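Q: As input, take target.cif (mmCIF, C-alpha atoms):
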data_my_file
loop_
_atom_site.label_atom_id
_atom_site.label_comp_id
_atom_site.auth_asym_id
_atom_site.auth_seq_id
_atom_site.Cartn_x
_atom_site.Cartn_y
_atom_site.Cartn_z
CA MET A 510 -11.24 -17.45 -3.06
CA LYS A 511 -9.77 -14.47 -1.24
CA GLU A 512 -12.09 -11.46 -1.05
CA LYS A 513 -10.95 -8.32 -2.79
CA ILE A 514 -10.19 -5.12 -0.86
CA GLY A 515 -13.11 -2.75 -1.32
CA VAL A 516 -11.97 0.82 -1.98
CA LEU A 517 -14.10 3.98 -1.87
CA ILE A 518 -12.49 6.75 -3.94
CA VAL A 519 -13.24 10.36 -3.01
CA ASP A 520 -11.94 13.34 -4.99
CA ASP A 521 -13.61 16.44 -6.40
CA HIS A 522 -11.66 16.18 -9.67
CA ALA A 523 -13.23 13.69 -12.09
CA MET A 524 -9.99 12.97 -13.93
CA VAL A 525 -8.22 12.11 -10.66
CA ARG A 526 -11.04 9.74 -9.73
CA ILE A 527 -10.85 8.09 -13.14
CA GLY A 528 -7.10 7.55 -12.80
CA LEU A 529 -7.44 6.06 -9.33
CA ILE A 530 -10.35 3.86 -10.37
CA GLU A 531 -8.34 2.50 -13.30
CA ALA A 532 -5.34 1.78 -11.05
CA VAL A 533 -7.40 -0.01 -8.39
CA THR A 534 -9.42 -1.98 -10.93
CA ALA A 535 -6.27 -3.12 -12.72
CA VAL A 536 -4.98 -5.15 -9.76
CA SER A 537 -6.43 -8.52 -8.85
CA ASP A 538 -6.80 -8.01 -5.10
CA MET A 539 -8.87 -4.80 -5.13
CA GLN A 540 -12.17 -3.48 -6.35
CA VAL A 541 -13.82 -0.04 -6.35
CA THR A 542 -16.99 -0.06 -4.25
CA GLY A 543 -17.93 3.53 -5.04
CA GLU A 544 -16.77 7.02 -5.89
CA ALA A 545 -17.70 10.45 -4.55
CA ALA A 546 -16.87 14.05 -5.44
CA ASN A 547 -17.08 15.47 -1.90
CA GLY A 548 -17.06 14.54 1.74
CA LEU A 549 -20.81 14.58 2.31
CA ALA A 550 -21.39 12.20 -0.59
CA ALA A 551 -18.58 9.97 0.71
CA ILE A 552 -20.22 9.65 4.13
CA LYS A 553 -23.57 8.71 2.53
CA LEU A 554 -21.89 6.10 0.34
CA TYR A 555 -19.95 4.63 3.25
CA ARG A 556 -23.14 4.26 5.27
CA LYS A 557 -24.65 2.17 2.47
CA GLU A 558 -21.63 0.05 1.67
CA ARG A 559 -18.75 -0.12 4.12
CA ALA A 560 -15.61 0.01 2.00
CA ASP A 561 -12.53 -1.61 3.49
CA VAL A 562 -10.42 1.47 2.73
CA ILE A 563 -11.36 5.04 1.84
CA LEU A 564 -8.89 6.80 -0.47
CA MET A 565 -9.68 10.49 -0.18
CA ASP A 566 -8.46 13.92 -1.27
CA TYR A 567 -7.61 16.44 1.45
CA GLN A 568 -9.01 19.55 -0.25
CA MET A 569 -12.65 19.25 -1.30
CA PRO A 570 -15.85 21.31 -1.31
CA GLU A 571 -18.56 20.75 1.31
CA LEU A 572 -16.23 18.94 3.74
CA ASP A 573 -12.49 18.56 3.40
CA GLY A 574 -10.76 15.24 3.96
CA VAL A 575 -10.01 15.89 7.63
CA GLU A 576 -13.56 16.96 8.52
CA THR A 577 -14.95 14.02 6.56
CA THR A 578 -12.67 11.65 8.48
CA ILE A 579 -13.77 13.13 11.81
CA GLN A 580 -17.46 12.74 10.96
CA LEU A 581 -16.99 9.24 9.58
CA ARG A 582 -15.10 8.00 12.61
CA GLU A 583 -17.68 9.45 15.00
CA SER A 584 -20.18 6.94 13.60
CA PHE A 585 -17.73 4.33 12.33
CA PRO A 586 -14.60 4.23 14.53
CA ASP A 587 -13.10 1.44 12.44
CA ALA A 588 -13.26 3.39 9.17
CA LYS A 589 -9.84 3.29 7.48
CA VAL A 590 -8.94 6.48 5.64
CA ILE A 591 -5.93 7.34 3.50
CA LEU A 592 -5.58 10.99 2.53
CA LEU A 593 -3.97 12.10 -0.72
CA SER A 594 -2.82 15.70 -0.58
CA ILE A 595 -0.76 18.43 -2.18
CA ARG A 596 -0.46 19.83 1.34
CA GLU A 597 2.72 18.66 3.03
CA GLY A 598 2.98 21.15 5.90
CA GLU A 599 3.40 19.84 9.43
CA GLU A 600 0.10 21.29 10.62
CA ASP A 601 -1.89 19.86 7.73
CA ILE A 602 -0.42 16.42 8.35
CA TRP A 603 -0.87 16.73 12.11
CA ARG A 604 -4.56 17.66 11.76
CA ALA A 605 -5.05 14.59 9.60
CA THR A 606 -3.39 12.23 12.08
CA GLN A 607 -5.38 13.71 14.96
CA ALA A 608 -8.56 13.07 12.95
CA GLY A 609 -7.57 9.40 12.76
CA VAL A 610 -6.35 8.83 9.21
CA LYS A 611 -4.38 5.63 8.74
CA GLY A 612 -2.31 6.91 5.83
CA TYR A 613 -1.18 10.19 4.30
CA LEU A 614 0.39 10.37 0.86
CA PRO A 615 1.57 13.33 -1.24
CA LYS A 616 -0.32 13.57 -4.51
CA SER A 617 3.04 13.19 -6.23
CA SER A 618 3.13 9.56 -5.03
CA SER A 619 3.24 6.84 -7.67
CA MET A 620 0.28 4.54 -8.22
CA ARG A 621 2.42 1.71 -6.86
CA GLN A 622 2.85 3.63 -3.61
CA VAL A 623 -0.88 4.29 -3.43
CA LEU A 624 -1.75 0.62 -3.96
CA THR A 625 0.84 -0.44 -1.38
CA ALA A 626 -0.68 1.98 1.12
CA ILE A 627 -4.16 0.55 0.52
CA ARG A 628 -2.87 -2.96 1.22
CA GLN A 629 -1.00 -1.85 4.36
CA VAL A 630 -3.98 0.02 5.80
CA HIS A 631 -6.35 -2.84 4.99
CA ALA A 632 -3.98 -5.14 6.88
CA GLY A 633 -4.25 -2.96 9.98
CA GLN A 634 -1.03 -0.99 9.54
CA ASN A 635 -0.46 2.73 9.16
CA SER A 636 1.03 4.03 5.93
CA PHE A 637 3.08 7.21 6.18
CA PRO A 638 6.14 7.74 3.95
CA PRO A 639 9.38 8.55 5.84
CA GLU A 640 9.20 12.28 5.04
CA ILE A 641 5.64 12.42 6.38
CA GLU A 642 6.60 10.47 9.51
CA ASN A 643 9.42 12.94 10.17
CA LYS A 644 7.01 15.86 10.03
CA ILE A 645 4.61 14.09 12.38
CA MET A 646 7.45 13.56 14.86
CA GLN A 647 8.57 17.18 14.61
CA ARG A 648 5.05 18.48 15.16
CA SER A 649 4.38 16.11 18.06
CA ASN A 650 7.08 17.92 20.04
CA ARG A 651 5.10 21.19 19.99
CA SER A 652 1.90 22.03 21.80
CA ASP A 653 -1.09 23.45 19.96
CA MET A 654 -1.49 27.19 19.65
CA THR A 655 -4.40 28.71 21.53
CA GLU A 656 -7.33 30.10 19.56
CA ARG A 657 -6.25 33.66 20.36
CA GLU A 658 -2.67 32.99 19.29
CA LEU A 659 -3.98 31.66 15.99
CA ASP A 660 -6.12 34.78 15.57
CA VAL A 661 -3.04 36.94 16.04
CA LEU A 662 -1.01 34.77 13.68
CA HIS A 663 -3.60 35.08 10.91
CA LEU A 664 -3.47 38.85 11.22
CA LEU A 665 0.34 38.82 11.22
CA VAL A 666 0.29 36.83 7.99
CA ALA A 667 -2.14 39.41 6.58
CA GLY A 668 0.48 42.08 7.30
CA LYS A 669 -1.39 43.82 10.10
CA CYS A 670 0.53 45.99 12.57
CA ASN A 671 0.03 45.78 16.34
CA LYS A 672 -2.46 48.66 16.37
CA GLU A 673 -4.57 46.99 13.67
CA ILE A 674 -4.44 43.67 15.54
CA SER A 675 -5.46 45.48 18.73
CA THR A 676 -8.51 46.98 16.99
CA ALA A 677 -9.50 43.77 15.18
CA LEU A 678 -9.34 41.58 18.29
CA ASN A 679 -10.31 44.19 20.88
CA LEU A 680 -7.05 43.72 22.80
CA SER A 681 -4.84 46.20 24.60
CA ASP A 682 -1.51 47.14 23.04
CA GLY A 683 0.29 45.26 25.81
CA SER A 684 -1.75 42.11 25.20
CA VAL A 685 -1.01 42.24 21.49
CA ARG A 686 2.72 42.52 22.14
CA LEU A 687 2.51 39.56 24.50
CA TYR A 688 0.61 37.42 21.98
CA VAL A 689 3.01 38.32 19.17
CA SER A 690 5.94 37.31 21.37
CA ARG A 691 4.26 34.00 22.19
CA VAL A 692 3.61 33.30 18.51
CA LEU A 693 7.23 33.99 17.59
CA LEU A 694 8.40 31.74 20.42
CA ARG A 695 6.07 28.88 19.46
CA LEU A 696 7.21 29.04 15.84
CA ASP A 697 10.86 29.41 16.88
CA VAL A 698 11.37 32.47 14.67
CA LYS A 699 12.86 35.91 15.23
CA ASP A 700 10.46 38.28 13.52
CA ARG A 701 7.01 38.69 11.99
CA THR A 702 8.16 38.00 8.44
CA GLN A 703 9.69 34.68 9.44
CA ALA A 704 6.51 33.88 11.39
CA ALA A 705 4.35 34.51 8.33
CA VAL A 706 6.56 32.36 6.09
CA LYS A 707 6.67 29.48 8.56
CA ALA A 708 2.92 29.66 9.22
CA ILE A 709 2.19 29.27 5.51
CA GLN A 710 4.79 26.58 4.93
CA SER A 711 3.61 24.50 7.88
CA GLY A 712 -0.07 24.78 7.02
CA LEU A 713 -1.07 26.79 10.09
CA VAL A 714 -2.40 29.47 7.73
CA HIS A 715 -3.68 28.98 4.19
CA LEU A 716 -3.71 32.01 1.93
CA GLY A 717 -7.09 32.88 0.53
CA GLN A 718 -9.00 31.40 3.44
#
Spit out the file's structure as structure tokens when you get a sec.
A:
Amino acid sequence: MKEKIGVLIVDDHAMVRIGLIEAVTAVSDMQVTGEAANGLAAIKLYRKERADVILMDYQMPELDGVETTIQLRESFPDAKVILLSIREGEEDIWRATQAGVKGYLPKSSSMRQVLTAIRQVHAGQNSFPPEIENKIMQRSNRSDMTERELDVLHLLVAGKCNKEISTALNLSDGSVRLYVSRVLLRLDVKDRTQAAVKAIQSGLVHLGQ
């Protein structure tokens, strides 16, 4: 008899976990090996019982899905993670792929799509919908921003002027102008407003963080 695919479900919302558990349990080739409400609990569970596939939320307390994936794969390089997320910005997706996830699905995906992704990842394939693949390709053509450029970008999004950025980061006025120009060039935008909009849309900056 063919062994069932063991799935570890990780989400901080109980109702989401219940829905996913019901969907996985309802099919004959899968079984739920455990559930967790945050990344730290997921890592502990995985250490005890190595699920074939981890189906995990991106945004969670303690550790988010990307950080959890990084820590898991440091100890278990073969761990297979699929992230479910409301975040569909290029940077969010890119961070996930760099962490080593094998699949990335919008939370708007149907249960059929989720189950198909579990089967694909278990079989050794990646599972990224076409719109996610396109964003990965687009982002792969750009280099990462430096830490200082990101600092400047965060302050731009916060509406800070050059003088305020200069004070906050202890930079000269000339250095601030140079960094702002670099940020606009990297984002391929013409002004600070466009930079702020694109930074939020892409996931480079998350409001409230």
Q: Give as a PyMOL selection string the residues that the PyMOL selection byres ((chain A and resi 567) around 10) matches when applied to the coordinates above.
A: chain A and resi 519-521+548+564-566+568-570+572-578+591-596+601-602+605+613+616
Q: Suppose you want the space between CA of Leu716 in chain A and CA of Arg526 in chain A; what is it in Å?
A: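 These atoms are spaced 26.2 Å apart.
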Q: Determine the residue set returned by the PyMOL selection byres ((chain A and resi 635) around 6) for the present structure, and present it as a PyMOL selection string.
A: chain A and resi 611-612+630+634+636
Q: Exactly which residues make up the result of the PyMOL selection byres ((chain A and resi 540-542) around 7) on this file, given as a ChimeraX atom specification?
A: /A:513-517,530,533-534,539,543,560
Q: Since we have the selection now, will you write its residues out, keeping C-alpha atoms, as a CSV table (one decimal), in the frame of the given file?
A:
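What landed in result.csv:
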chain,number,residue,atom,x,y,z
A,513,LYS,CA,-11.0,-8.3,-2.8
A,514,ILE,CA,-10.2,-5.1,-0.9
A,515,GLY,CA,-13.1,-2.8,-1.3
A,516,VAL,CA,-12.0,0.8,-2.0
A,517,LEU,CA,-14.1,4.0,-1.9
A,530,ILE,CA,-10.4,3.9,-10.4
A,533,VAL,CA,-7.4,0.0,-8.4
A,534,THR,CA,-9.4,-2.0,-10.9
A,539,MET,CA,-8.9,-4.8,-5.1
A,543,GLY,CA,-17.9,3.5,-5.0
A,560,ALA,CA,-15.6,0.0,2.0
Q: Find the distance between CA of Val666 in chain A and CA of Glu599 in chain A and write it in Å to one decimal.
A: 17.3 Å
Q: Would you mind reading off the distance between CA of Tyr555 in chain A and CA of Leu529 in chain A, one decimal, in Å?
A: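 It comes out at 17.8 Å.
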Q: Please identify all polymer residues within 7 Å of range 653-665 of chain A, counting all atoms listed in the file, omitting same-chain residues fewer than 2 positions from it, and present them as a list in words.
A: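 In the requested format, the answer is Arg651, Ala667, Gly668, Lys669, Ile674, Tyr688, Val689, Val692, Arg701, Ala705 and Val714 of chain A.
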Q: Counting only C-alpha atoms, figure out which residue out of A:Ser681, A:Ser649, A:Ser537, A:Asn547 gets nearest to Gln607 in chain A.
A: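 Of all the options, A:Ser649 lies closest to Gln607 in chain A.
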Q: So, with only C-alpha atoms as the atoms that count, which of A:Glu600, A:Ser684, A:Cys670, A:Ala626 lies closest to Leu696 in chain A?
A: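 Selected residue with least distance to Leu696 in chain A: A:Glu600.
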